[in-house]
file coords.tsv (TSV, C-alpha atoms)
chain	number	residue	atom	x	y	z
R	1	MET	CA	0.00	0.00	0.00
R	2	LYS	CA	0.87	3.65	-0.36
R	3	ILE	CA	0.40	5.17	3.09
R	4	LEU	CA	0.51	8.83	4.10
R	5	VAL	CA	1.51	9.65	7.69
R	6	ILE	CA	0.69	13.20	8.78
R	7	GLY	CA	3.05	14.73	11.34
R	8	SER	CA	6.70	15.39	12.10
R	9	GLY	CA	7.53	13.98	15.52
R	10	GLY	CA	8.86	10.84	17.16
R	11	ARG	CA	5.43	9.21	17.07
R	12	GLU	CA	5.25	9.69	13.31
R	13	HIS	CA	8.78	8.34	12.84
R	14	ALA	CA	7.76	5.24	14.80
R	15	ILE	CA	4.58	4.75	12.76
R	16	ALA	CA	6.42	5.24	9.46
R	17	TRP	CA	9.21	2.89	10.58
R	18	ARG	CA	6.72	0.17	11.44
R	19	LEU	CA	4.79	0.52	8.16
R	20	ALA	CA	8.00	0.55	6.10
R	21	LEU	CA	9.16	-2.56	7.97
R	22	GLU	CA	6.03	-4.28	6.68
R	23	GLY	CA	7.02	-3.41	3.12
R	24	HIS	CA	4.69	-0.50	2.40
R	25	GLN	CA	5.53	2.69	0.52
R	26	VAL	CA	5.29	5.45	3.13
R	27	PHE	CA	5.02	9.20	2.73
R	28	CYS	CA	5.30	11.66	5.62
R	29	ALA	CA	3.98	15.20	5.62
R	30	PRO	CA	6.05	17.02	6.60
R	31	GLY	CA	8.15	14.34	8.35
R	32	ASN	CA	11.61	14.89	9.81
R	33	PRO	CA	15.18	13.68	9.13
R	34	GLY	CA	14.33	10.38	10.82
R	35	THR	CA	11.26	9.65	8.71
R	36	ALA	CA	13.35	10.45	5.62
R	37	LEU	CA	15.33	7.28	6.39
R	38	VAL	CA	12.25	5.08	5.95
R	39	ALA	CA	9.79	7.18	3.95
R	40	THR	CA	9.46	10.02	1.45
R	41	ASN	CA	8.96	13.39	3.13
R	42	LEU	CA	6.46	15.75	1.49
R	43	ALA	CA	6.40	19.51	2.02
R	44	THR	CA	2.65	19.83	1.64
R	45	THR	CA	-0.49	20.43	3.65
R	46	ASP	CA	-2.70	19.39	0.73
R	47	TYR	CA	-3.19	15.95	2.24
R	48	LEU	CA	-6.17	15.16	0.02
R	49	GLY	CA	-3.95	15.72	-2.99
R	50	VAL	CA	-1.52	12.96	-2.03
R	51	GLU	CA	-2.24	9.74	-3.90
R	52	ALA	CA	-2.35	7.30	-0.99
R	53	ASP	CA	-4.40	4.21	-0.24
R	54	LEU	CA	-4.52	5.05	3.45
R	55	THR	CA	-3.80	8.13	5.58
R	56	VAL	CA	-2.77	8.01	9.25
R	57	VAL	CA	-2.91	11.18	11.34
R	58	GLY	CA	-0.25	11.35	14.05
R	59	PRO	CA	-0.61	14.55	16.12
R	60	GLU	CA	-3.63	16.09	17.80
R	61	ALA	CA	-3.60	19.56	16.19
R	62	PRO	CA	-4.75	18.50	12.68
R	63	LEU	CA	-7.34	16.17	14.21
R	64	VAL	CA	-8.79	19.00	16.28
R	65	ALA	CA	-8.71	21.20	13.16
R	66	GLY	CA	-10.91	18.64	11.37
R	67	VAL	CA	-8.50	17.01	8.91
R	68	VAL	CA	-10.43	13.73	8.98
R	69	ASP	CA	-13.84	15.07	7.95
R	70	PRO	CA	-13.14	15.88	4.27
R	71	PHE	CA	-11.47	12.48	3.81
R	72	ARG	CA	-14.60	10.80	5.18
R	73	ALA	CA	-16.84	12.93	2.98
R	74	ARG	CA	-14.97	11.65	-0.07
R	75	GLY	CA	-14.77	8.06	1.12
R	76	TYR	CA	-10.97	8.09	1.46
R	77	PRO	CA	-9.64	5.71	4.15
R	78	ILE	CA	-8.13	7.65	7.06
R	79	VAL	CA	-7.24	6.73	10.64
R	80	GLY	CA	-8.43	9.34	13.10
R	81	PRO	CA	-11.56	10.76	14.75
R	82	THR	CA	-13.91	13.37	13.36
R	83	GLN	CA	-13.46	16.96	14.49
R	84	GLU	CA	-16.41	16.55	16.85
R	85	ALA	CA	-14.98	13.43	18.50
R	86	ALA	CA	-11.57	15.12	18.74
R	87	GLN	CA	-13.08	17.50	21.31
R	88	LEU	CA	-12.30	14.77	23.84
R	89	GLU	CA	-8.71	16.03	23.68
R	90	ALA	CA	-9.22	19.58	22.44
R	91	SER	CA	-11.00	20.68	25.62
R	92	LYS	CA	-10.42	19.35	29.12
R	93	ILE	CA	-13.71	20.94	30.16
R	94	TYR	CA	-15.61	19.18	27.39
R	95	SER	CA	-13.89	15.89	28.19
R	96	LYS	CA	-14.60	15.99	31.92
R	97	GLU	CA	-18.24	16.93	31.39
R	98	PHE	CA	-18.54	14.18	28.77
R	99	MET	CA	-17.23	11.63	31.29
R	100	ARG	CA	-19.65	12.82	33.94
R	101	ARG	CA	-22.56	12.68	31.50
R	102	VAL	CA	-21.72	9.22	30.14
R	103	GLY	CA	-20.77	7.76	33.53
R	104	ILE	CA	-17.06	7.13	32.95
R	105	PRO	CA	-15.10	7.05	36.24
R	106	THR	CA	-12.85	10.10	36.71
R	107	ALA	CA	-11.64	12.44	39.43
R	108	ALA	CA	-14.05	14.90	41.05
R	109	PHE	CA	-13.67	18.30	39.38
R	110	VAL	CA	-14.96	21.80	38.83
R	111	ARG	CA	-14.74	23.89	35.66
R	112	VAL	CA	-13.79	27.54	35.93
R	113	GLU	CA	-13.88	30.34	33.39
R	114	THR	CA	-12.01	33.08	35.25
R	115	THR	CA	-8.95	33.34	37.48
R	116	LYS	CA	-11.14	34.67	40.28
R	117	ASP	CA	-13.44	31.62	40.10
R	118	GLY	CA	-10.41	29.35	40.00
R	119	LEU	CA	-8.94	30.80	43.18
R	120	ALA	CA	-12.33	30.51	44.90
R	121	ALA	CA	-12.72	26.88	43.79
R	122	LEU	CA	-9.56	25.82	45.62
R	123	GLY	CA	-11.55	25.78	48.85
R	124	LYS	CA	-13.42	22.71	47.59
R	125	PHE	CA	-10.28	20.56	47.40
R	126	GLU	CA	-7.57	19.14	49.61
R	127	PHE	CA	-3.92	19.34	48.59
R	128	PRO	CA	-2.32	18.21	46.42
R	129	VAL	CA	-4.74	19.41	43.75
R	130	VAL	CA	-4.54	19.16	39.96
R	131	VAL	CA	-4.89	22.24	37.72
R	132	LYS	CA	-5.41	21.70	33.98
R	133	ALA	CA	-5.51	24.16	31.12
R	134	ASP	CA	-8.63	23.70	29.01
R	135	GLY	CA	-7.08	23.56	25.55
R	136	LEU	CA	-4.22	21.77	23.81
R	137	ALA	CA	-0.91	22.26	25.60
R	138	ALA	CA	1.43	19.61	24.13
R	139	GLY	CA	1.27	17.59	27.35
R	140	LYS	CA	2.48	20.50	29.47
R	141	GLY	CA	-0.82	22.08	30.55
R	142	VAL	CA	-1.12	20.18	33.85
R	143	VAL	CA	0.23	21.20	37.26
R	144	ILE	CA	0.04	19.07	40.41
R	145	ALA	CA	0.07	21.70	43.14
R	146	THR	CA	1.17	20.58	46.60
R	147	ASP	CA	-0.05	23.69	48.43
R	148	ARG	CA	-2.19	26.77	47.90
R	149	LYS	CA	0.71	28.95	46.73
R	150	GLU	CA	1.56	26.51	43.92
R	151	ALA	CA	-2.12	26.16	43.01
R	152	GLU	CA	-2.61	29.91	42.77
R	153	ALA	CA	0.46	30.22	40.56
R	154	ALA	CA	-0.84	27.43	38.30
R	155	ILE	CA	-4.28	29.02	38.01
R	156	THR	CA	-2.71	32.35	37.07
R	157	SER	CA	-0.35	30.85	34.48
R	158	LEU	CA	-2.67	28.25	32.90
R	159	GLY	CA	-6.00	30.08	33.06
R	160	PRO	CA	-8.48	31.50	32.72
R	161	ARG	CA	-10.43	28.46	31.41
R	162	LEU	CA	-9.46	25.54	33.63
R	163	VAL	CA	-10.37	22.24	35.17
R	164	ILE	CA	-9.49	21.88	38.83
R	165	GLU	CA	-9.74	18.34	40.11
R	166	GLU	CA	-8.91	16.05	42.98
R	167	PHE	CA	-5.54	14.34	43.06
R	168	LEU	CA	-5.80	10.60	42.51
R	169	GLU	CA	-3.41	8.06	43.99
R	170	GLY	CA	-2.41	4.81	42.31
R	171	GLU	CA	-0.47	3.49	39.34
R	172	GLU	CA	-0.67	5.51	36.13
R	173	VAL	CA	-1.27	3.59	32.89
R	174	SER	CA	-1.69	4.56	29.25
R	175	PHE	CA	-4.39	2.44	27.61
R	176	ILE	CA	-4.91	2.89	23.87
R	177	VAL	CA	-7.38	1.26	21.51
R	178	LEU	CA	-7.95	1.45	17.77
R	179	GLY	CA	-11.60	1.89	16.86
R	180	ASP	CA	-13.68	1.63	13.68
R	181	GLY	CA	-16.75	3.46	15.00
R	182	ARG	CA	-18.29	0.46	16.73
R	183	ASN	CA	-15.56	-2.03	17.60
R	184	VAL	CA	-12.10	-1.66	19.11
R	185	VAL	CA	-8.86	-3.57	19.29
R	186	PRO	CA	-6.79	-2.77	22.40
R	187	LEU	CA	-3.07	-2.14	22.22
R	188	GLU	CA	-0.75	-3.34	24.96
R	189	ALA	CA	-0.74	-1.14	28.05
R	190	THR	CA	2.19	1.24	28.48
R	191	GLN	CA	3.48	3.58	31.14
R	192	ASP	CA	4.57	7.12	30.34
R	193	HIS	CA	6.86	9.30	32.46
R	194	LYS	CA	5.56	12.87	32.32
R	195	ALA	CA	7.71	14.80	34.79
R	196	VAL	CA	11.05	16.11	33.58
R	197	GLY	CA	13.09	14.79	36.51
R	198	ASP	CA	13.90	11.44	38.11
R	199	GLY	CA	11.42	10.31	40.73
R	200	ASP	CA	8.63	12.21	38.96
R	201	THR	CA	10.02	15.58	40.03
R	202	GLY	CA	9.82	18.90	38.23
R	203	PRO	CA	7.29	20.23	35.72
R	204	ASN	CA	5.28	18.05	33.38
R	205	THR	CA	6.52	17.52	29.83
R	206	GLY	CA	5.15	15.87	26.73
R	207	GLY	CA	6.71	12.64	28.04
R	208	MET	CA	10.30	11.75	28.98
R	209	GLY	CA	10.07	8.04	28.27
R	210	ALA	CA	7.81	5.01	28.30
R	211	TYR	CA	7.85	1.24	28.45
R	212	CYS	CA	5.62	-1.55	27.20
R	213	ASP	CA	5.45	-4.82	29.11
R	214	GLY	CA	2.71	-7.44	29.09
R	215	ARG	CA	2.60	-7.43	32.90
R	216	ILE	CA	1.45	-3.84	33.33
R	217	LEU	CA	-2.22	-4.86	33.44
R	218	SER	CA	-3.90	-8.15	34.28
R	219	ALA	CA	-6.60	-9.63	32.06
R	220	SER	CA	-9.27	-8.66	34.59
R	221	GLN	CA	-7.99	-5.07	34.78
R	222	THR	CA	-7.99	-4.84	30.98
R	223	GLY	CA	-11.54	-6.15	30.86
R	224	LYS	CA	-12.74	-3.62	33.42
R	225	ILE	CA	-11.15	-0.74	31.52
R	226	LEU	CA	-12.80	-1.87	28.29
R	227	ASP	CA	-16.19	-2.22	30.03
R	228	THR	CA	-16.21	0.95	32.14
R	229	VAL	CA	-14.11	3.39	30.10
R	230	ILE	CA	-13.61	2.44	26.46
R	231	GLU	CA	-16.96	0.92	25.52
R	232	PRO	CA	-19.05	3.82	26.93
R	233	ALA	CA	-16.82	6.39	25.21
R	234	VAL	CA	-16.91	4.64	21.83
R	235	ARG	CA	-20.66	4.01	22.06
R	236	ALA	CA	-21.35	7.67	22.83
R	237	THR	CA	-19.09	9.10	20.10
R	238	GLY	CA	-18.84	6.44	17.38
R	239	PHE	CA	-15.11	6.90	17.81
R	240	THR	CA	-12.73	6.07	14.97
R	241	GLY	CA	-8.94	6.03	15.17
R	242	PHE	CA	-6.79	5.81	18.28
R	243	LEU	CA	-8.50	6.55	21.59
R	244	TYR	CA	-6.01	7.02	24.42
R	245	ALA	CA	-7.20	6.80	28.00
R	246	GLY	CA	-4.67	8.09	30.51
R	247	LEU	CA	-5.68	6.16	33.62
R	248	MET	CA	-4.99	6.07	37.31
R	249	MET	CA	-5.42	2.56	38.69
R	250	THR	CA	-6.83	3.52	42.08
R	251	ALA	CA	-7.97	1.34	44.96
R	252	ALA	CA	-11.53	1.94	43.70
R	253	GLY	CA	-10.65	0.84	40.16
R	254	PRO	CA	-9.50	2.61	36.97
R	255	LYS	CA	-10.28	6.33	36.68
R	256	VAL	CA	-9.61	8.49	33.64
R	257	LEU	CA	-7.09	11.30	34.01
R	258	GLU	CA	-7.46	12.42	30.40
R	259	PHE	CA	-8.54	11.32	26.95
R	260	ASN	CA	-6.32	11.81	23.91
R	261	VAL	CA	-7.50	11.09	20.38
R	262	ARG	CA	-4.27	9.72	18.88
R	263	LEU	CA	-1.36	7.46	19.70
R	264	GLY	CA	0.66	8.75	22.61
R	265	ASP	CA	4.21	10.01	22.28
R	266	PRO	CA	6.47	8.33	23.50
R	267	GLU	CA	4.00	5.44	23.93
R	268	ALA	CA	3.89	4.98	20.14
R	269	GLN	CA	7.62	4.31	20.06
R	270	VAL	CA	7.49	1.30	22.41
R	271	LEU	CA	4.24	0.03	20.90
R	272	MET	CA	5.53	0.08	17.33
R	273	HIS	CA	8.80	-1.49	18.50
R	274	ARG	CA	7.00	-4.37	20.23
R	275	LEU	CA	4.14	-5.01	17.81
R	276	ASP	CA	4.27	-8.36	16.00
R	277	ASP	CA	1.25	-8.18	13.72
R	278	ASP	CA	-0.09	-6.71	10.48
R	279	PHE	CA	-0.29	-3.05	11.51
R	280	ALA	CA	-1.14	-1.65	8.08
R	281	GLY	CA	-3.91	-4.19	7.50
R	282	THR	CA	-5.41	-3.48	10.90
R	283	LEU	CA	-5.30	0.28	10.25
R	284	MET	CA	-7.01	-0.16	6.89
R	285	SER	CA	-9.80	-2.33	8.30
R	286	ALA	CA	-10.41	0.26	11.03
R	287	ALA	CA	-10.46	3.10	8.50
R	288	GLN	CA	-13.01	1.18	6.41
R	289	GLY	CA	-15.25	0.63	9.46
R	290	ASN	CA	-14.66	-3.10	9.51
R	291	LEU	CA	-12.08	-4.15	12.11
R	292	LYS	CA	-11.24	-7.76	11.40
R	293	THR	CA	-9.67	-8.61	14.76
R	294	ASP	CA	-10.15	-7.89	18.45
R	295	ARG	CA	-6.61	-8.83	19.42
R	296	LEU	CA	-3.11	-8.07	18.18
R	297	ARG	CA	0.07	-10.13	18.55
R	298	TRP	CA	2.97	-8.72	20.54
R	299	LYS	CA	6.56	-9.76	20.97
R	300	ARG	CA	7.21	-11.28	24.37
R	301	GLU	CA	10.21	-9.02	24.98
R	302	PRO	CA	9.40	-5.68	26.68
R	303	SER	CA	10.38	-2.40	25.01
R	304	VAL	CA	11.70	0.78	26.65
R	305	CYS	CA	12.01	4.30	25.22
R	306	VAL	CA	14.20	6.98	26.82
R	307	VAL	CA	13.62	10.53	25.58
R	308	MET	CA	16.71	12.70	25.15
R	309	ALA	CA	15.69	16.34	25.53
R	310	ALA	CA	17.30	19.61	24.50
R	311	ALA	CA	18.80	22.20	26.83
R	312	GLY	CA	16.04	24.15	28.57
R	313	TYR	CA	13.19	21.71	27.95
R	314	PRO	CA	10.33	21.94	28.98
R	315	GLY	CA	10.95	25.69	29.24
R	316	GLN	CA	12.73	27.86	26.70
R	317	VAL	CA	14.56	25.40	24.46
R	318	ARG	CA	17.95	25.87	22.84
R	319	THR	CA	18.27	24.51	19.31
R	320	GLY	CA	21.10	24.05	16.81
R	321	ASP	CA	23.28	21.66	18.85
R	322	ALA	CA	25.02	18.97	16.75
R	323	ILE	CA	23.90	15.37	17.38
R	324	THR	CA	26.36	12.49	17.14
R	325	GLY	CA	26.34	8.76	17.85
R	326	ILE	CA	22.92	7.68	16.57
R	327	GLY	CA	24.42	5.27	14.05
R	328	THR	CA	26.52	3.47	16.67
R	329	SER	CA	23.94	3.50	19.49
R	330	GLY	CA	22.81	-0.10	18.99
R	331	ALA	CA	19.22	1.02	19.65
R	332	GLN	CA	16.33	2.05	17.43
R	333	VAL	CA	16.42	5.83	17.63
R	334	PHE	CA	13.22	7.66	16.70
R	335	GLN	CA	13.79	11.29	15.79
R	336	ALA	CA	11.48	14.06	16.93
R	337	GLY	CA	13.03	17.51	17.39
R	338	THR	CA	15.76	17.25	14.74
R	339	ARG	CA	16.80	19.02	11.55
R	340	VAL	CA	19.68	18.91	9.10
R	341	GLY	CA	21.97	21.94	9.46
R	342	PRO	CA	25.40	23.02	8.24
R	343	ARG	CA	27.08	20.54	10.63
R	344	GLY	CA	24.70	17.69	9.89
R	345	LEU	CA	21.96	16.48	12.22
R	346	GLU	CA	21.14	18.98	14.98
R	347	THR	CA	18.53	19.73	17.61
R	348	ALA	CA	15.37	21.54	16.53
R	349	GLY	CA	12.93	21.05	19.38
R	350	GLY	CA	12.42	20.10	23.00
R	351	ARG	CA	12.14	16.33	22.83
R	352	VAL	CA	14.90	15.45	20.40
R	353	LEU	CA	15.26	11.66	20.28
R	354	GLY	CA	13.43	8.57	21.54
R	355	VAL	CA	16.07	5.90	22.14
R	356	THR	CA	14.19	2.59	22.07
R	357	ALA	CA	15.30	-0.97	22.78
R	358	SER	CA	13.95	-4.34	23.87
R	359	GLY	CA	15.38	-7.18	25.92
R	360	ALA	CA	14.69	-10.67	27.17
R	361	ASP	CA	13.13	-9.09	30.26
R	362	LEU	CA	12.39	-5.55	31.41
R	363	ALA	CA	15.74	-5.17	33.17
R	364	SER	CA	17.54	-6.07	29.94
R	365	ALA	CA	15.39	-3.71	27.90
R	366	VAL	CA	16.17	-0.87	30.32
R	367	ALA	CA	19.89	-1.65	30.16
R	368	ASN	CA	19.87	-1.80	26.35
R	369	ALA	CA	18.01	1.50	26.01
R	370	TYR	CA	20.38	3.33	28.35
R	371	ALA	CA	23.40	1.76	26.64
R	372	GLY	CA	22.13	3.38	23.45
R	373	VAL	CA	21.62	6.72	25.20
R	374	GLU	CA	25.21	6.70	26.48
R	375	ARG	CA	26.56	6.50	22.91
R	376	ILE	CA	24.67	9.59	21.73
R	377	HIS	CA	25.71	13.16	22.41
R	378	PHE	CA	24.56	16.73	21.91
R	379	ASP	CA	25.39	19.72	24.08
R	380	GLY	CA	22.82	20.45	26.78
R	381	MET	CA	21.12	17.06	26.47
R	382	HIS	CA	19.27	15.70	29.47
R	383	TYR	CA	17.14	12.65	30.14
R	384	ARG	CA	15.58	10.74	32.99
R	385	ARG	CA	17.63	7.89	34.38
R	386	ASP	CA	14.72	5.99	35.95
R	387	ILE	CA	12.48	5.06	33.00
R	388	ALA	CA	10.68	1.79	33.88
R	389	LYS	CA	12.53	1.52	37.20
R	390	LYS	CA	9.28	1.68	39.16
R	391	GLY	CA	7.90	-1.27	37.21
R	392	LEU	CA	11.11	-3.18	37.75
R	393	GLY	CA	10.92	-2.71	41.49
R	394	ARG	CA	7.25	-3.68	41.69
R	395	TRP	CA	7.64	-6.92	39.77
R	396	GLU	CA	10.86	-7.87	41.52
R	397	GLN	CA	9.13	-7.48	44.87
R	398	ALA	CA	6.20	-9.54	43.68
R	399	GLY	CA	8.51	-12.24	42.33
R	400	ARG	CA	7.12	-11.91	38.80

call {"tool": "encode", "arguments": {"input": "coords.tsv", "output": "structure tokens"}}
result
Amino acid sequence: MKILVIGSGGREHAIAWRLALEGHQVFCAPGNPGTALVATNLATTDYLGVEADLTVVGPEAPLVAGVVDPFRARGYPIVGPTQEAAQLEASKIYSKEFMRRVGIPTAAFVRVETTKDGLAALGKFEFPVVVKADGLAAGKGVVIATDRKEAEAAITSLGPRLVIEEFLEGEEVSFIVLGDGRNVVPLEATQDHKAVGDGDTGPNTGGMGAYCDGRILSASQTGKILDTVIEPAVRATGFTGFLYAGLMMTAAGPKVLEFNVRLGDPEAQVLMHRLDDDFAGTLMSAAQGNLKTDRLRWKREPSVCVVMAAAGYPGQVRTGDAITGIGTSGAQVFQAGTRVGPRGLETAGGRVLGVTASGADLASAVANAYAGVERIHFDGMHYRRDIAKKGLGRWEQAGR
């Protein structure tokens, strides 16, 4: 097949890499230097004008802008939700009120439209409390405030339209499904690492790493998520494409922290690395409204992705630093914030590379990913050194 992948980040590199591995002719618009290694980059936003059998939309912005709708109107196969369904990610307020209306378990919350109302609403919550910007924020519009001073600062910086909600305790899990409007096929569960620093310290980012391991969720937990979260959401929206439920596995069961309407990043990197099935065929059947399977095959070996970030990220980012060592890293390196400059490959964004590796067990996968990281260099680079370490400790203690 000829397949168009819309986007330019690490997620899109991972999708294009997987589809090219299956033998398909892949185009990326606009792509990046990494996608150019496995696909043909196109400098166009006329996506309808690209002669492709299937189109896959990577990032949230074009989905929220309604890129899918004209494809559907013309009967062109495309993977992604309609503009209306994309409101699940476009607006935190819309999403939370949707969950309350449909009966999907989530944290208690209030919506506020002004800074004054936000400050007044703090009296309804104990600390820590979660403050969320209403619109798209590239994964950085959430602050977990430990006291009133931090909460007031978050309300002032993220407002005025906000969701303020209770802080949930438990294990965080990313649960993604591919839907055709009626049916879904779940992907393996993953765990993202949002905070910039080790031990989940510092401000939230778009994601500093992730891992995919078949032990993250039990069969019964997966079933409950499908029954109480995914099925009600798909039934209410006729959702097509990738529906991402960011979950907290609390003592009372799974509760939704957020919905996204696309593959996560860096979750896509570990998922594409670990998948052992016909990805393109599954995407096409979903785009045609006729999913032909309810289960995908996965490699037994876990996969780990460590994000290497540029100087200053997630604040003001420095760009233009030369990148070396990718070719000798021994890992699969997915490029995100990169460009080709006078000195060759250089940094061009906050999250620069997703260094991804697998191993016979999770400990080996972690070791292999970090071995790859150690062989790569660019000035100002930083990364978390504890990706998947929490999972390692939990399973070692449990003897699994």

call {"tool": "atom_distance", "arguments": {"input": "coords.tsv", "atom1": "CA of Arg394 in chain R", "atom2": "CA of Glu301 in chain R"}}
result
17.8 Å

call {"tool": "atom_distance", "arguments": {"input": "coords.tsv", "atom1": "CA of Gly31 in chain R", "atom2": "CA of Gly7 in chain R"}}
result
5.9 Å

call {"tool": "residues_around", "arguments": {"input": "coords.tsv", "residues": "Lys389 in chain R", "least_positions_apart": "5", "cutoff": "12 Å", "atoms": "only C-alpha atoms", "output": "list in words"}}
result
Gln191, Asp192, His193, Asp198, Gly199, Asp200, Gly209, Ala210, Tyr211, Val304, Val306, Leu362, Ala363, Ser364, Ala365, Val366, Ala367, Tyr370, Arg384, Arg394, Trp395 and Glu396 of chain R

call {"tool": "axis_aligned_box", "arguments": {"input": "coords.tsv", "around": "range 55-69 of chain R", "padding_each_side": "5 Å", "output": "AutoDock Vina command-line options"}}
result
--center_x -7.0 --center_y 14.6 --center_z 11.7 --size_x 23.6 --size_y 23.2 --size_z 22.2

call {"tool": "atom_distance", "arguments": {"input": "coords.tsv", "atom1": "CA of Ala137 in chain R", "atom2": "CA of Leu217 in chain R"}}
result
28.3 Å

call {"tool": "residues_around", "arguments": {"input": "coords.tsv", "residues": "Val102 in chain R", "least_positions_apart": "5", "cutoff": "9 Å", "atoms": "all atoms listed in the file", "output": "PyMOL selection string"}}
result
chain R and resi 97+232-233+236

call {"tool": "residues_around", "arguments": {"input": "coords.tsv", "residues": "Pro33 in chain R", "least_positions_apart": "5", "cutoff": "12 Å", "atoms": "only C-alpha atoms", "output": "list in words"}}
result
Ser8, Gly9, Gly10, Glu12, His13, Cys28, Val38, Ala39, Thr40, Asn41, Leu42, Val333, Phe334, Gln335, Ala336, Gly337, Thr338, Arg339, Val340, Gly341, Gly344, Leu345, Glu346, Thr347, Ala348, Val352 and Leu353 of chain R

call {"tool": "closest_residue", "arguments": {"input": "coords.tsv", "among": "R:Gly159, R:Thr240, R:Val143, R:Glu89", "to": "Thr201 in chain R", "atoms": "only C-alpha atoms"}}
result
R:Val143

call {"tool": "residues_around", "arguments": {"input": "coords.tsv", "residues": "Leu247 in chain R", "least_positions_apart": "5", "cutoff": "8 Å", "atoms": "all atoms listed in the file", "output": "compact mmCIF listing (two decimals) with C-alpha atoms, keeping the file's coordinate frame"}}
result
# COMPACT_ATOMS: atom_id res chain seq x y z
CA GLU R 172 -0.67 5.51 36.13
CA VAL R 173 -1.27 3.59 32.89
CA SER R 174 -1.69 4.56 29.25
CA PHE R 175 -4.39 2.44 27.61
CA PRO R 254 -9.50 2.61 36.97
CA LYS R 255 -10.28 6.33 36.68
CA VAL R 256 -9.61 8.49 33.64
CA LEU R 257 -7.09 11.30 34.01
CA GLU R 258 -7.46 12.42 30.40

call {"tool": "closest_residue", "arguments": {"input": "coords.tsv", "among": "R:Asp180, R:Gly238, R:Ile93, R:Cys305", "to": "Ala371 in chain R", "atoms": "all atoms listed in the file"}}
result
R:Cys305

call {"tool": "closest_residue", "arguments": {"input": "coords.tsv", "among": "R:Ile144, R:Met381, R:Ala133, R:Ala16", "to": "Leu162 in chain R", "atoms": "all atoms listed in the file"}}
result
R:Ala133

call {"tool": "closest_residue", "arguments": {"input": "coords.tsv", "among": "R:Val184, R:Ile104, R:Ala36, R:Val131", "to": "Val234 in chain R", "atoms": "all atoms listed in the file"}}
result
R:Val184

call {"tool": "closest_residue", "arguments": {"input": "coords.tsv", "among": "R:Val57, R:Leu136, R:Leu19, R:Leu178", "to": "Val5 in chain R", "atoms": "only C-alpha atoms"}}
result
R:Val57

call {"tool": "closest_residue", "arguments": {"input": "coords.tsv", "among": "R:Pro128, R:Gly179, R:Gly241, R:Gly354", "to": "His273 in chain R", "atoms": "all atoms listed in the file"}}
result
R:Gly354
